[in-house]
file upload_13.cif (mmCIF, C-alpha atoms)
data_my_file
#
loop_
_atom_site.label_atom_id
_atom_site.label_comp_id
_atom_site.auth_asym_id
_atom_site.auth_seq_id
_atom_site.Cartn_x
_atom_site.Cartn_y
_atom_site.Cartn_z
CA MET A 618 -41.01 -4.65 54.76
CA GLY A 619 -43.24 -2.75 52.40
CA ASP A 620 -40.50 -0.24 51.54
CA LEU A 621 -37.94 -2.98 51.07
CA LEU A 622 -40.33 -4.86 48.80
CA GLY A 623 -40.88 -1.71 46.70
CA ILE A 624 -37.14 -1.20 46.35
CA GLY A 625 -36.75 -4.79 45.22
CA ILE A 626 -39.49 -4.39 42.65
CA THR A 627 -37.79 -1.32 41.17
CA GLY A 628 -34.57 -3.29 40.91
CA LEU A 629 -36.31 -6.21 39.18
CA LYS A 630 -37.98 -3.89 36.68
CA ALA A 631 -34.74 -2.05 35.97
CA GLN A 632 -32.81 -5.28 35.45
CA GLN A 633 -35.62 -6.67 33.34
CA THR A 634 -35.18 -3.68 31.03
CA ALA A 635 -31.43 -4.28 31.04
CA LEU A 636 -31.95 -7.93 30.07
CA THR A 637 -34.30 -6.85 27.29
CA VAL A 638 -31.65 -4.49 25.91
CA THR A 639 -29.02 -7.24 26.20
CA GLY A 640 -31.26 -9.63 24.26
CA HIS A 641 -31.81 -6.93 21.65
CA ASN A 642 -28.03 -6.53 21.31
CA ILE A 643 -27.49 -10.27 20.94
CA THR A 644 -30.18 -10.77 18.29
CA ASN A 645 -28.87 -7.82 16.26
CA ALA A 646 -25.20 -8.79 16.51
CA GLY A 647 -25.13 -9.49 12.76
CA THR A 648 -27.34 -6.60 11.69
CA GLU A 649 -25.49 -4.18 9.43
CA GLY A 650 -25.37 -0.68 10.87
CA TYR A 651 -26.61 -1.70 14.31
CA SER A 652 -24.98 0.00 17.31
CA ARG A 653 -24.80 -1.83 20.62
CA GLN A 654 -27.05 -0.25 23.25
CA THR A 655 -26.39 0.22 26.96
CA VAL A 656 -28.73 0.99 29.87
CA ASN A 657 -27.99 3.84 32.23
CA PHE A 658 -29.55 3.57 35.68
CA ASN A 659 -30.46 6.35 38.04
CA GLU A 660 -31.37 6.13 41.73
CA ASN A 661 -34.90 7.18 42.56
CA THR A 662 -35.55 10.26 44.66
CA PRO A 663 -35.12 9.26 48.35
CA GLN A 664 -37.94 9.61 50.88
CA PHE A 665 -37.73 11.49 54.20
CA ILE A 666 -39.10 9.07 56.79
CA GLY A 667 -38.65 9.18 60.56
CA GLY A 668 -36.32 12.13 60.40
CA VAL A 669 -33.93 10.49 57.94
CA TRP A 670 -33.66 10.12 54.17
CA THR A 671 -34.09 6.55 52.96
CA GLY A 672 -33.45 5.11 49.54
CA ASN A 673 -36.29 4.52 47.11
CA GLY A 674 -34.79 2.06 44.66
CA VAL A 675 -33.59 2.41 41.08
CA SER A 676 -35.01 3.32 37.69
CA VAL A 677 -33.85 3.28 34.08
CA ASP A 678 -32.55 6.71 33.11
CA THR A 679 -31.75 6.27 29.38
CA ILE A 680 -30.87 3.66 26.80
CA LYS A 681 -28.02 4.93 24.64
CA ARG A 682 -26.08 3.71 21.66
CA VAL A 683 -22.39 2.90 21.91
CA TYR A 684 -21.65 5.42 19.19
CA ASP A 685 -18.75 7.64 18.17
CA GLU A 686 -19.72 10.45 15.83
CA PHE A 687 -16.14 11.10 14.74
CA LEU A 688 -15.50 7.45 13.82
CA THR A 689 -18.80 7.25 11.95
CA GLU A 690 -18.00 10.33 9.86
CA GLN A 691 -14.48 9.03 9.18
CA MET A 692 -15.88 5.69 8.02
CA GLN A 693 -18.29 7.47 5.69
CA ARG A 694 -15.45 9.54 4.18
CA ASP A 695 -13.27 6.45 3.75
CA THR A 696 -16.18 4.55 2.22
CA SER A 697 -16.66 7.32 -0.32
CA ILE A 698 -12.95 7.41 -1.22
CA PHE A 699 -12.67 3.62 -1.50
CA ASN A 700 -15.68 3.29 -3.80
CA GLU A 701 -14.43 6.14 -5.99
CA PHE A 702 -11.05 4.54 -6.63
CA ASP A 703 -12.50 1.03 -6.83
CA THR A 704 -14.92 2.12 -9.56
CA LEU A 705 -12.15 3.99 -11.39
CA SER A 706 -9.82 0.98 -11.22
CA LEU A 707 -12.48 -1.48 -12.38
CA ASN A 708 -13.40 0.54 -15.45
CA ALA A 709 -9.81 1.51 -16.30
CA SER A 710 -8.75 -2.16 -16.21
CA GLN A 711 -11.30 -2.92 -18.92
CA ILE A 712 -9.81 -0.27 -21.20
CA ASP A 713 -6.31 -1.54 -20.43
CA SER A 714 -7.33 -5.10 -21.31
CA LEU A 715 -8.90 -3.92 -24.57
CA LEU A 716 -5.85 -1.98 -25.78
CA ALA A 717 -3.19 -4.38 -24.48
CA ASP A 718 -4.76 -7.54 -25.89
CA ALA A 719 -2.90 -8.94 -28.89
CA GLY A 720 -6.16 -9.86 -30.57
CA THR A 721 -7.85 -6.48 -30.24
CA GLY A 722 -5.04 -3.94 -29.73
CA ILE A 723 -3.79 -1.48 -32.31
CA GLN A 724 -0.10 -2.33 -32.25
CA PRO A 725 -0.31 -5.85 -33.82
CA GLY A 726 -2.42 -4.45 -36.68
CA ILE A 727 0.08 -1.65 -37.33
CA GLU A 728 2.99 -4.09 -37.29
CA ARG A 729 1.29 -6.41 -39.77
CA MET A 730 0.40 -3.57 -42.13
CA PHE A 731 3.94 -2.19 -42.16
CA GLY A 732 5.32 -5.71 -42.48
CA SER A 733 3.26 -6.19 -45.64
CA LEU A 734 4.36 -2.73 -46.80
CA GLN A 735 7.99 -3.83 -46.53
CA SER A 736 7.16 -6.81 -48.76
CA VAL A 737 5.78 -4.41 -51.38
CA VAL A 738 8.91 -2.26 -51.12
CA ASP A 739 11.10 -5.33 -51.59
CA ASP A 740 9.13 -6.44 -54.66
CA PRO A 741 7.09 -3.53 -56.10
CA SER A 742 5.91 -5.53 -59.11
CA SER A 743 4.33 -8.30 -57.02
CA LEU A 744 0.55 -8.10 -57.28
CA PRO A 745 0.02 -10.59 -54.41
CA ALA A 746 2.21 -8.46 -52.13
CA ARG A 747 0.19 -5.39 -53.03
CA GLN A 748 -3.05 -7.24 -52.34
CA VAL A 749 -1.75 -8.37 -48.94
CA LEU A 750 -0.92 -4.76 -48.09
CA ILE A 751 -4.43 -3.64 -48.98
CA SER A 752 -5.89 -6.48 -46.95
CA GLU A 753 -3.77 -5.65 -43.89
CA ALA A 754 -4.63 -1.96 -44.24
CA ASN A 755 -8.34 -2.82 -44.26
CA GLY A 756 -7.72 -5.00 -41.23
CA LEU A 757 -6.10 -2.06 -39.44
CA VAL A 758 -9.09 0.13 -40.29
CA ASP A 759 -11.39 -2.53 -38.87
CA ARG A 760 -9.32 -2.65 -35.69
CA PHE A 761 -9.60 1.10 -35.20
CA SER A 762 -13.33 0.97 -35.86
CA SER A 763 -13.83 -1.99 -33.53
CA ILE A 764 -11.93 -0.37 -30.67
CA ASN A 765 -13.74 2.90 -31.23
CA ASP A 766 -17.07 1.05 -31.07
CA ARG A 767 -16.01 -0.70 -27.86
CA LEU A 768 -15.02 2.61 -26.28
CA ASN A 769 -18.33 4.16 -27.29
CA ASP A 770 -20.11 1.13 -25.83
CA GLN A 771 -18.21 1.72 -22.60
CA ASN A 772 -19.44 5.30 -22.65
CA GLU A 773 -23.02 4.05 -22.98
CA ILE A 774 -22.46 1.69 -20.06
CA ILE A 775 -21.22 4.58 -17.93
CA ASN A 776 -24.26 6.61 -18.99
CA GLY A 777 -26.57 3.83 -17.84
CA GLN A 778 -24.74 3.33 -14.55
CA MET A 779 -24.87 7.05 -13.80
CA GLU A 780 -28.64 7.08 -14.37
CA VAL A 781 -29.08 4.17 -11.96
CA VAL A 782 -26.82 5.67 -9.27
CA ALA A 783 -28.49 9.07 -9.56
CA GLY A 784 -31.85 7.40 -8.97
CA GLU A 785 -30.46 5.55 -5.93
CA ILE A 786 -29.14 8.81 -4.47
CA SER A 787 -32.57 10.43 -4.75
CA THR A 788 -34.23 7.36 -3.21
CA ILE A 789 -31.85 7.36 -0.24
CA GLY A 790 -32.34 11.10 0.16
CA ASN A 791 -36.12 10.58 0.42
CA ALA A 792 -35.63 7.84 3.01
CA ILE A 793 -33.32 10.03 5.13
CA ALA A 794 -35.85 12.89 5.02
CA GLU A 795 -38.64 10.53 6.15
CA LEU A 796 -36.49 9.22 9.02
CA ASN A 797 -35.69 12.79 10.04
CA GLU A 798 -39.41 13.42 10.43
CA GLN A 799 -40.01 10.17 12.32
CA ILE A 800 -37.09 10.84 14.69
CA GLN A 801 -38.38 14.33 15.42
CA PHE A 802 -41.81 12.94 16.36
CA ALA A 803 -40.25 10.15 18.43
CA LEU A 804 -38.09 12.58 20.40
CA ALA A 805 -41.05 14.85 21.06
CA ALA A 806 -43.28 11.94 22.18
CA SER A 807 -40.64 10.52 24.55
CA ASN A 808 -39.48 13.79 26.08
CA GLY A 809 -36.09 13.54 24.41
CA SER A 810 -35.37 9.82 24.82
CA PRO A 811 -33.41 8.87 21.68
CA PRO A 812 -35.00 6.33 19.26
CA ASN A 813 -31.75 4.39 18.86
CA ASP A 814 -32.88 1.98 16.16
CA MET A 815 -34.11 4.85 13.97
CA LEU A 816 -30.82 6.67 14.47
CA ASP A 817 -28.94 3.54 13.39
CA GLN A 818 -31.12 3.25 10.28
CA ARG A 819 -30.41 6.86 9.37
CA ASP A 820 -26.67 6.46 9.87
CA LYS A 821 -26.72 3.35 7.69
CA LEU A 822 -28.54 5.24 4.94
CA ILE A 823 -25.91 7.98 5.06
CA THR A 824 -23.17 5.33 4.88
CA ASP A 825 -24.93 3.71 1.91
CA LEU A 826 -25.12 7.15 0.31
CA SER A 827 -21.38 7.66 0.84
CA LYS A 828 -20.77 4.56 -1.31
CA LEU A 829 -22.37 6.45 -4.18
CA VAL A 830 -21.08 10.01 -3.69
CA SER A 831 -19.18 12.12 -1.18
CA VAL A 832 -21.42 13.15 1.70
CA GLU A 833 -21.39 15.76 4.41
CA ALA A 834 -23.97 15.32 7.18
CA VAL A 835 -24.75 18.23 9.49
CA SER A 836 -26.94 17.86 12.59
CA GLN A 837 -29.88 20.23 12.91
CA ASP A 838 -31.39 20.91 16.36
CA GLY A 839 -30.10 17.57 17.64
CA SER A 840 -32.83 15.65 15.79
CA ALA A 841 -32.69 16.06 12.02
CA VAL A 842 -29.61 15.65 9.82
CA ASN A 843 -29.02 17.78 6.74
CA VAL A 844 -27.15 15.97 3.97
CA PHE A 845 -25.02 17.70 1.35
CA ILE A 846 -23.32 16.12 -1.65
CA GLY A 847 -20.80 17.28 -4.22
CA SER A 848 -19.64 20.81 -3.58
CA GLY A 849 -22.51 21.57 -1.20
CA GLN A 850 -25.71 20.64 -3.02
CA ALA A 851 -28.41 20.12 -0.36
CA LEU A 852 -29.84 16.66 -0.93
CA VAL A 853 -31.74 16.66 2.38
CA ILE A 854 -32.80 19.60 4.53
CA GLY A 855 -34.81 18.54 7.55
CA ASN A 856 -37.72 16.43 6.35
CA GLU A 857 -37.47 17.63 2.73
CA SER A 858 -35.31 16.11 0.02
CA ASN A 859 -34.29 17.25 -3.44
CA GLU A 860 -33.74 15.20 -6.58
CA ILE A 861 -30.59 14.18 -8.44
CA PHE A 862 -31.16 12.83 -11.94
CA ALA A 863 -29.17 12.04 -15.07
CA ASP A 864 -29.92 13.40 -18.52
CA ALA A 865 -28.11 14.25 -21.75
CA GLY A 866 -25.27 16.66 -20.96
CA ASN A 867 -25.44 20.25 -22.12
CA VAL A 868 -21.97 20.28 -23.66
CA ASP A 869 -21.96 16.77 -25.12
CA PRO A 870 -25.35 15.03 -25.53
CA SER A 871 -23.64 11.66 -26.01
CA ARG A 872 -22.45 11.83 -22.41
CA VAL A 873 -24.92 11.86 -19.55
CA GLY A 874 -24.78 14.81 -17.18
CA LEU A 875 -26.01 15.08 -13.60
CA PHE A 876 -28.69 17.57 -12.68
CA PHE A 877 -29.98 18.88 -9.37
CA ARG A 878 -33.68 19.70 -9.09
CA LYS A 879 -35.01 21.83 -6.25
CA GLY A 880 -38.62 22.67 -6.80
CA ASP A 881 -38.87 24.11 -10.30
CA SER A 882 -35.17 25.02 -10.45
CA VAL A 883 -32.80 22.68 -12.31
CA GLN A 884 -29.02 23.08 -12.64
CA GLU A 885 -26.29 20.84 -14.00
CA ILE A 886 -23.84 19.75 -11.31
CA THR A 887 -21.72 17.20 -13.20
CA ALA A 888 -18.51 19.11 -12.54
CA GLU A 889 -19.39 19.47 -8.84
CA ILE A 890 -19.81 15.77 -8.07
CA LYS A 891 -16.97 13.85 -6.46
CA GLY A 892 -16.41 10.74 -4.38
CA GLY A 893 -18.19 7.40 -4.32
CA GLN A 894 -19.12 5.29 -7.31
CA LEU A 895 -20.54 8.31 -9.11
CA GLY A 896 -17.33 10.29 -8.65
CA GLY A 897 -15.33 7.28 -9.84
CA MET A 898 -17.40 7.04 -13.01
CA LEU A 899 -16.92 10.71 -13.77
CA GLU A 900 -13.19 10.49 -13.01
CA PHE A 901 -12.89 7.48 -15.31
CA ARG A 902 -14.76 9.25 -18.08
CA GLU A 903 -12.69 12.44 -17.83
CA THR A 904 -9.22 11.02 -17.18
CA VAL A 905 -9.32 7.63 -18.93
CA LEU A 906 -12.16 7.14 -21.39
CA ASN A 907 -12.24 10.54 -23.10
CA PRO A 908 -8.43 10.81 -23.51
CA THR A 909 -8.37 7.23 -24.83
CA ILE A 910 -11.03 7.96 -27.45
CA ASN A 911 -9.29 11.18 -28.44
CA GLY A 912 -5.87 9.52 -28.44
CA LEU A 913 -7.19 6.72 -30.65
CA GLY A 914 -8.51 9.27 -33.13
CA ARG A 915 -5.24 11.19 -33.01
CA VAL A 916 -3.23 8.06 -33.85
CA ALA A 917 -5.64 7.12 -36.63
CA MET A 918 -5.49 10.56 -38.25
CA SER A 919 -1.70 10.77 -37.91
CA ILE A 920 -1.26 7.43 -39.68
CA ASN A 921 -3.81 8.50 -42.27
CA GLU A 922 -2.21 11.86 -43.05
CA THR A 923 1.39 10.65 -42.99
CA PHE A 924 0.70 7.57 -45.10
CA ASN A 925 -1.36 9.52 -47.64
CA ASP A 926 1.31 12.23 -47.98
CA GLN A 927 3.99 9.63 -48.65
CA HIS A 928 1.76 7.63 -50.96
CA LYS A 929 1.14 10.69 -53.14
CA LEU A 930 4.88 11.00 -53.78
CA GLY A 931 5.02 7.65 -55.57
CA ILE A 932 3.48 6.09 -58.67
CA ASP A 933 1.04 3.24 -58.97
CA PHE A 934 1.40 -0.07 -60.83
CA GLU A 935 0.48 1.60 -64.11
CA GLY A 936 2.95 4.44 -63.68
CA LEU A 937 0.40 7.07 -62.66
CA LYS A 938 0.93 9.51 -59.79
CA GLY A 939 -0.21 8.15 -56.44
CA GLY A 940 -3.27 9.45 -54.60
CA ASP A 941 -4.76 8.98 -51.16
CA PHE A 942 -4.25 5.49 -49.78
CA PHE A 943 -6.68 6.05 -46.93
CA GLU A 944 -9.83 8.14 -46.92
CA ASP A 945 -9.23 11.90 -46.67
CA ILE A 946 -9.51 13.01 -43.02
CA ASN A 947 -11.01 16.32 -44.15
CA LYS A 948 -13.89 14.95 -46.17
CA PRO A 949 -17.02 17.07 -45.43
CA SER A 950 -18.86 14.40 -43.46
CA SER A 951 -15.92 14.07 -41.07
CA THR A 952 -15.28 17.78 -40.59
CA TYR A 953 -18.85 18.46 -39.46
CA LEU A 954 -18.88 15.48 -37.08
CA ARG A 955 -16.06 17.10 -35.11
CA ILE A 956 -18.46 19.77 -33.86
CA GLN A 957 -21.23 19.49 -31.29
CA GLY A 958 -23.41 22.42 -30.26
CA ASP A 959 -24.10 23.23 -26.63
CA ALA A 960 -27.71 22.50 -25.61
CA ARG A 961 -27.88 25.87 -23.85
CA ASN A 962 -27.22 27.89 -26.99
CA GLU A 963 -29.84 30.47 -27.82
CA LYS A 964 -32.15 29.85 -30.73
CA PRO A 965 -32.12 29.69 -33.65
CA ASN A 966 -29.61 26.85 -33.59
CA ASP A 967 -28.69 27.22 -37.26
CA ARG A 968 -24.90 27.70 -37.20
CA LEU A 969 -22.84 25.34 -39.34
CA VAL A 970 -19.20 24.98 -38.33
CA SER A 971 -16.64 22.50 -39.62
CA ILE A 972 -13.11 21.72 -38.49
CA HIS A 973 -10.38 21.04 -41.04
CA ILE A 974 -7.14 19.52 -39.75
CA ASN A 975 -4.06 20.61 -41.67
CA ASP A 976 -1.35 19.19 -39.42
CA THR A 977 -2.12 16.15 -37.25
CA SER A 978 1.16 16.58 -35.36
CA GLU A 979 -0.36 19.64 -33.69
CA LEU A 980 -3.34 17.70 -32.34
CA THR A 981 -3.71 16.98 -28.63
CA ALA A 982 -5.94 14.50 -26.82
CA ASP A 983 -8.05 17.34 -25.42
CA ASN A 984 -11.42 18.72 -26.40
CA TYR A 985 -11.85 22.42 -27.16
CA ARG A 986 -14.71 24.82 -26.65
CA MET A 987 -15.55 27.59 -29.09
CA THR A 988 -17.56 30.63 -27.97
CA PHE A 989 -18.74 33.78 -29.69
CA PRO A 990 -18.40 36.47 -27.00
CA GLY A 991 -18.72 39.43 -29.36
CA PRO A 992 -18.60 42.22 -30.17
CA GLY A 993 -20.10 41.39 -33.50
CA ASP A 994 -20.70 38.01 -35.04
CA PHE A 995 -17.19 37.25 -36.26
CA VAL A 996 -15.09 37.20 -33.09
CA PHE A 997 -14.69 33.83 -31.47
CA LYS A 998 -12.70 32.34 -28.64
CA ILE A 999 -11.29 28.81 -28.51
CA VAL A 1000 -10.60 27.35 -25.08
CA ASN A 1001 -8.94 24.06 -24.24
CA ALA A 1002 -11.66 22.34 -22.22
CA GLY A 1003 -9.07 20.36 -20.28
CA ALA A 1004 -6.64 23.15 -19.45
CA ALA A 1005 -6.44 26.88 -18.84
CA ILE A 1006 -5.30 27.59 -22.40
CA SER A 1007 -7.25 29.99 -24.58
CA CYS A 1008 -6.81 32.15 -27.61
CA GLU A 1009 -8.97 34.72 -29.35
CA LYS A 1010 -9.15 35.12 -33.10
CA SER A 1011 -11.25 36.96 -35.63
CA ALA A 1012 -12.62 34.96 -38.51
CA THR A 1013 -15.22 34.99 -41.24
CA ALA A 1014 -17.27 31.84 -41.37
CA LYS A 1015 -19.32 30.52 -44.24
CA LYS A 1016 -22.37 31.32 -42.15
CA ALA A 1017 -21.95 33.78 -39.33
CA PRO A 1018 -23.61 33.05 -35.99
CA SER A 1019 -26.87 34.84 -35.38
CA SER A 1020 -26.58 38.18 -33.63
CA LYS A 1021 -29.18 36.85 -31.19
CA SER A 1022 -26.73 34.18 -30.06
CA PRO A 1023 -23.49 35.99 -29.17
CA LYS A 1024 -22.54 33.41 -26.56
CA ALA A 1025 -22.95 30.24 -28.55
CA ASN A 1026 -20.78 27.37 -27.31
CA ILE A 1027 -19.47 24.57 -29.49
CA LEU A 1028 -17.48 21.54 -28.42
CA PHE A 1029 -14.71 20.41 -30.76
CA LEU A 1030 -14.34 16.64 -30.87
CA PHE A 1031 -11.05 16.09 -32.68
CA ALA A 1032 -11.08 12.40 -31.99
CA SER A 1033 -13.23 10.93 -34.77
CA VAL A 1034 -11.49 7.86 -36.12
CA THR A 1035 -10.85 8.18 -39.83
CA LEU A 1036 -8.72 5.87 -41.93
#
call {"tool": "encode", "arguments": {"input": "upload_13.cif", "output": "structure tokens"}}
result
Amino acid sequence: MGDLLGIGITGLKAQQTALTVTGHNITNAGTEGYSRQTVNFNENTPQFIGGVWTGNGVSVDTIKRVYDEFLTEQMQRDTSIFNEFDTLSLNASQIDSLLADAGTGIQPGIERMFGSLQSVVDDPSSLPARQVLISEANGLVDRFSSINDRLNDQNEIINGQMEVVAGEISTIGNAIAELNEQIQFALAASNGSPPNDMLDQRDKLITDLSKLVSVEAVSQDGSAVNVFIGSGQALVIGNESNEIFADAGNVDPSRVGLFFRKGDSVQEITAEIKGGQLGGMLEFRETVLNPTINGLGRVAMSINETFNDQHKLGIDFEGLKGGDFFEDINKPSSTYLRIQGDARNEKPNDRLVSIHINDTSELTADNYRMTFPGPGDFVFKIVNAGAAISCEKSATAKKAPSSKSPKANILFLFASVTL
């Protein structure tokens, strides 16, 4: 009877554990990231009594998660892709609404200006018609300026969002590193019994991270998980994490760049980031916002140049030869604003470069990069920053670049709105 009682006690204890796990599953049914747990039983070592082996009851072997590593990784990849395109779509729809709206778009303003121009052509001596044309032209200029301001505001919004997301990525990285350490201690203290709830928390953090950026998680020694983002930047290695932060970009200080800090080493990784909300923001900025700003400037300068050229061919109300109707696109203040120096240029940063546009029909919606590779101070290379197009020319500038800075980089911003 004593042996039978002992076997019954082992069964009660084992089933009590099973009921505890079942209750834990039920109470966490709505917990995000929780994996259902199951109890695995194992028969106790039998005893040799009276010349025969007799059973010795049951014990709990392990408590495991109902978990599929492949499905978890696939969900994280899909989460990253969804958030990237969702962020891109949300921001692009705002630009579409701005340009397509009859109250804010460019097309209605252009139509009204040319409609008033036709009235002047029909009755050149009419002072009211001329005044209406001037008024509509000023209205068109205001429309271009307003849209340009809205687009620049959108750029500032993206800058702010990138700073927030970069901070969230670093915070999640720290949390994953701490959990790695806790899981390692838990496994060592329990002789390898998995701390399921901690594992769920870590998987949830990685999933949350995949909403922000593409993630690759690699197991290390069956306990820690190393997390890589972008093109392989190590956010978490074991129980150590590195920092991702946003700061003024090297090429264009008006656009935030992403930087990776490991110890005292810092490198810009903006071009390496993809996936998630952060990848969607960068994709929006590169494929929608920047081309839209540049395209707006291209349209503005084309109207400006074409209208001015035609206006100069006529005579004014007093019979004098016509001049510029709109402001000259090559006024000094505009030509210097089309240039931005790279933050990584060697000192002294005293080069002055201006861009004069002689034919707006040759403009594209791309930005260009100018470098001084040498030999000498007068050889420069211009590269289309958005394509593999480059050309080398020799030139004499008003002020040659310093011989100490043979690799100076300059970004051409052809898209300043001028009317």
call {"tool": "residues_around", "arguments": {"input": "upload_13.cif", "residues": "region 693-697 of chain A", "least_positions_apart": "4", "cutoff": "9 Å", "atoms": "all atoms listed in the file", "output": "list in words"}}
result
Leu688, Thr689, Glu701, Phe702, Ile823, Thr824, Asp825, Leu826, Ser827, Lys828, Leu829, Val830, Ser831, Val832, Glu833, Lys891, Gly892, Gly893, Gln894 and Gly896 of chain A
call {"tool": "write_last_selection", "arguments": {"input": "upload_13.cif", "atoms": "C-alpha atoms", "output": "short mmCIF file (atom, residue, chain, number, x, y, z; two decimals), in the coordinates of the input"}}
result
data_model
loop_
_atom_site.label_atom_id
_atom_site.label_comp_id
_atom_site.auth_asym_id
_atom_site.auth_seq_id
_atom_site.Cartn_x
_atom_site.Cartn_y
_atom_site.Cartn_z
CA LEU A 688 -15.50 7.45 13.82
CA THR A 689 -18.80 7.25 11.95
CA GLU A 701 -14.43 6.14 -5.99
CA PHE A 702 -11.05 4.54 -6.63
CA ILE A 823 -25.91 7.98 5.06
CA THR A 824 -23.17 5.33 4.88
CA ASP A 825 -24.93 3.71 1.91
CA LEU A 826 -25.12 7.15 0.31
CA SER A 827 -21.38 7.66 0.84
CA LYS A 828 -20.77 4.56 -1.31
CA LEU A 829 -22.37 6.45 -4.18
CA VAL A 830 -21.08 10.01 -3.69
CA SER A 831 -19.18 12.12 -1.18
CA VAL A 832 -21.42 13.15 1.70
CA GLU A 833 -21.39 15.76 4.41
CA LYS A 891 -16.97 13.85 -6.46
CA GLY A 892 -16.41 10.74 -4.38
CA GLY A 893 -18.19 7.40 -4.32
CA GLN A 894 -19.12 5.29 -7.31
CA GLY A 896 -17.33 10.29 -8.65
#
call {"tool": "residues_around", "arguments": {"input": "upload_13.cif", "residues": "Ser978 (chain A)", "least_positions_apart": "4", "cutoff": "10 Å", "atoms": "all atoms listed in the file", "output": "list of chain:residue names"}}
result
A:Arg915, A:Val916, A:Met918, A:Ser919, A:Glu922, A:Thr923, A:Ile974
call {"tool": "write_last_selection", "arguments": {"input": "upload_13.cif", "atoms": "C-alpha atoms", "output": "mmCIF file, in the coordinates of the input"}}
result
data_model
loop_
_atom_site.group_PDB
_atom_site.id
_atom_site.type_symbol
_atom_site.label_atom_id
_atom_site.label_comp_id
_atom_site.auth_asym_id
_atom_site.auth_seq_id
_atom_site.Cartn_x
_atom_site.Cartn_y
_atom_site.Cartn_z
ATOM 1 C CA ARG A 915 -5.240 11.190 -33.010
ATOM 2 C CA VAL A 916 -3.230 8.060 -33.850
ATOM 3 C CA MET A 918 -5.490 10.560 -38.250
ATOM 4 C CA SER A 919 -1.700 10.770 -37.910
ATOM 5 C CA GLU A 922 -2.210 11.860 -43.050
ATOM 6 C CA THR A 923 1.390 10.650 -42.990
ATOM 7 C CA ILE A 974 -7.140 19.520 -39.750
#
call {"tool": "resolve_selection", "arguments": {"input": "upload_13.cif", "expression": "the PyMOL selection byres ((chain A and resi 765) around 10)", "output": "list of chain:residue names"}}
result
A:Asp759, A:Arg760, A:Phe761, A:Ser762, A:Ser763, A:Ile764, A:Asp766, A:Arg767, A:Leu768, A:Asn769, A:Asp770, A:Gln771, A:Thr909, A:Ile910, A:Asn911, A:Leu913, A:Gly914, A:Ala1032, A:Ser1033, A:Val1034
call {"tool": "atom_distance", "arguments": {"input": "upload_13.cif", "atom1": "CA of Asn797 (chain A)", "atom2": "CA of Val842 (chain A)"}}
result
6.7 Å
call {"tool": "residues_around", "arguments": {"input": "upload_13.cif", "residues": "region 638-650 of chain A", "least_positions_apart": "5", "cutoff": "8 Å", "atoms": "all atoms listed in the file", "output": "list in words"}}
result
Thr655, Val656, Asp817, Gln818, Asp820 and Lys821 of chain A
call {"tool": "write_last_selection", "arguments": {"input": "upload_13.cif", "atoms": "C-alpha atoms", "output": "compact mmCIF listing (two decimals), keeping the file's coordinate frame"}}
result
# COMPACT_ATOMS: atom_id res chain seq x y z
CA THR A 655 -26.39 0.22 26.96
CA VAL A 656 -28.73 0.99 29.87
CA ASP A 817 -28.94 3.54 13.39
CA GLN A 818 -31.12 3.25 10.28
CA ASP A 820 -26.67 6.46 9.87
CA LYS A 821 -26.72 3.35 7.69
call {"tool": "resolve_selection", "arguments": {"input": "upload_13.cif", "expression": "the PyMOL selection byres ((chain A and resi 777) around 12)", "output": "PyMOL selection string"}}
result
chain A and resi 770-776+778-784+862-865+871-874+895+898
call {"tool": "atom_distance", "arguments": {"input": "upload_13.cif", "atom1": "CA of Val883 (chain A)", "atom2": "CA of Gly847 (chain A)"}}
result
15.4 Å
call {"tool": "closest_residue", "arguments": {"input": "upload_13.cif", "among": "A:Asp967, A:Glu903, A:Asp926, A:Glu935", "to": "Asp983 (chain A)", "atoms": "only C-alpha atoms"}}
result
A:Glu903
call {"tool": "resolve_selection", "arguments": {"input": "upload_13.cif", "expression": "the PyMOL selection byres ((chain A and resi 631) around 8)", "output": "PyMOL selection string"}}
result
chain A and resi 627-630+632-635+658+675-677
call {"tool": "atom_distance", "arguments": {"input": "upload_13.cif", "atom1": "CA of Ser882 (chain A)", "atom2": "CA of Ile793 (chain A)"}}
result
21.7 Å
call {"tool": "closest_residue", "arguments": {"input": "upload_13.cif", "among": "A:Gly939, A:Asn947, A:Val1000, A:Leu852", "to": "Thr788 (chain A)", "atoms": "only C-alpha atoms"}}
result
A:Leu852
call {"tool": "residues_around", "arguments": {"input": "upload_13.cif", "residues": "region 930-934 of chain A", "least_positions_apart": "5", "cutoff": "10 Å", "atoms": "only C-alpha atoms", "output": "PyMOL selection string"}}
result
chain A and resi 741-744+747+925+939-940
call {"tool": "residues_around", "arguments": {"input": "upload_13.cif", "residues": "region 899-902 of chain A", "least_positions_apart": "4", "cutoff": "7 Å", "atoms": "all atoms listed in the file", "output": "compact mmCIF listing (two decimals) with C-alpha atoms, keeping the file's coordinate frame"}}
result
# COMPACT_ATOMS: atom_id res chain seq x y z
CA LEU A 705 -12.15 3.99 -11.39
CA ASN A 708 -13.40 0.54 -15.45
CA ALA A 709 -9.81 1.51 -16.30
CA LEU A 895 -20.54 8.31 -9.11
CA LEU A 906 -12.16 7.14 -21.39
CA ASN A 907 -12.24 10.54 -23.10
call {"tool": "closest_atom_pairs", "arguments": {"input": "upload_13.cif", "of": "region 799-838 of chain A", "to": "region 855-858 of chain A", "cutoff": "12 Å", "atoms": "all atoms listed in the file", "output": "tab-separated table"}}
result
residue	atom	partner	partner_atom	distance
A:Gln799	CA	A:Asn856	CA	8.9
A:Ile800	CA	A:Asn856	CA	10.1
A:Gln801	CA	A:Asn856	CA	9.3
A:Phe802	CA	A:Asn856	CA	11.4
A:Ala834	CA	A:Gly855	CA	11.3
A:Val835	CA	A:Gly855	CA	10.3
A:Ser836	CA	A:Gly855	CA	9.4
A:Gln837	CA	A:Gly855	CA	7.5
A:Asp838	CA	A:Gly855	CA	9.7
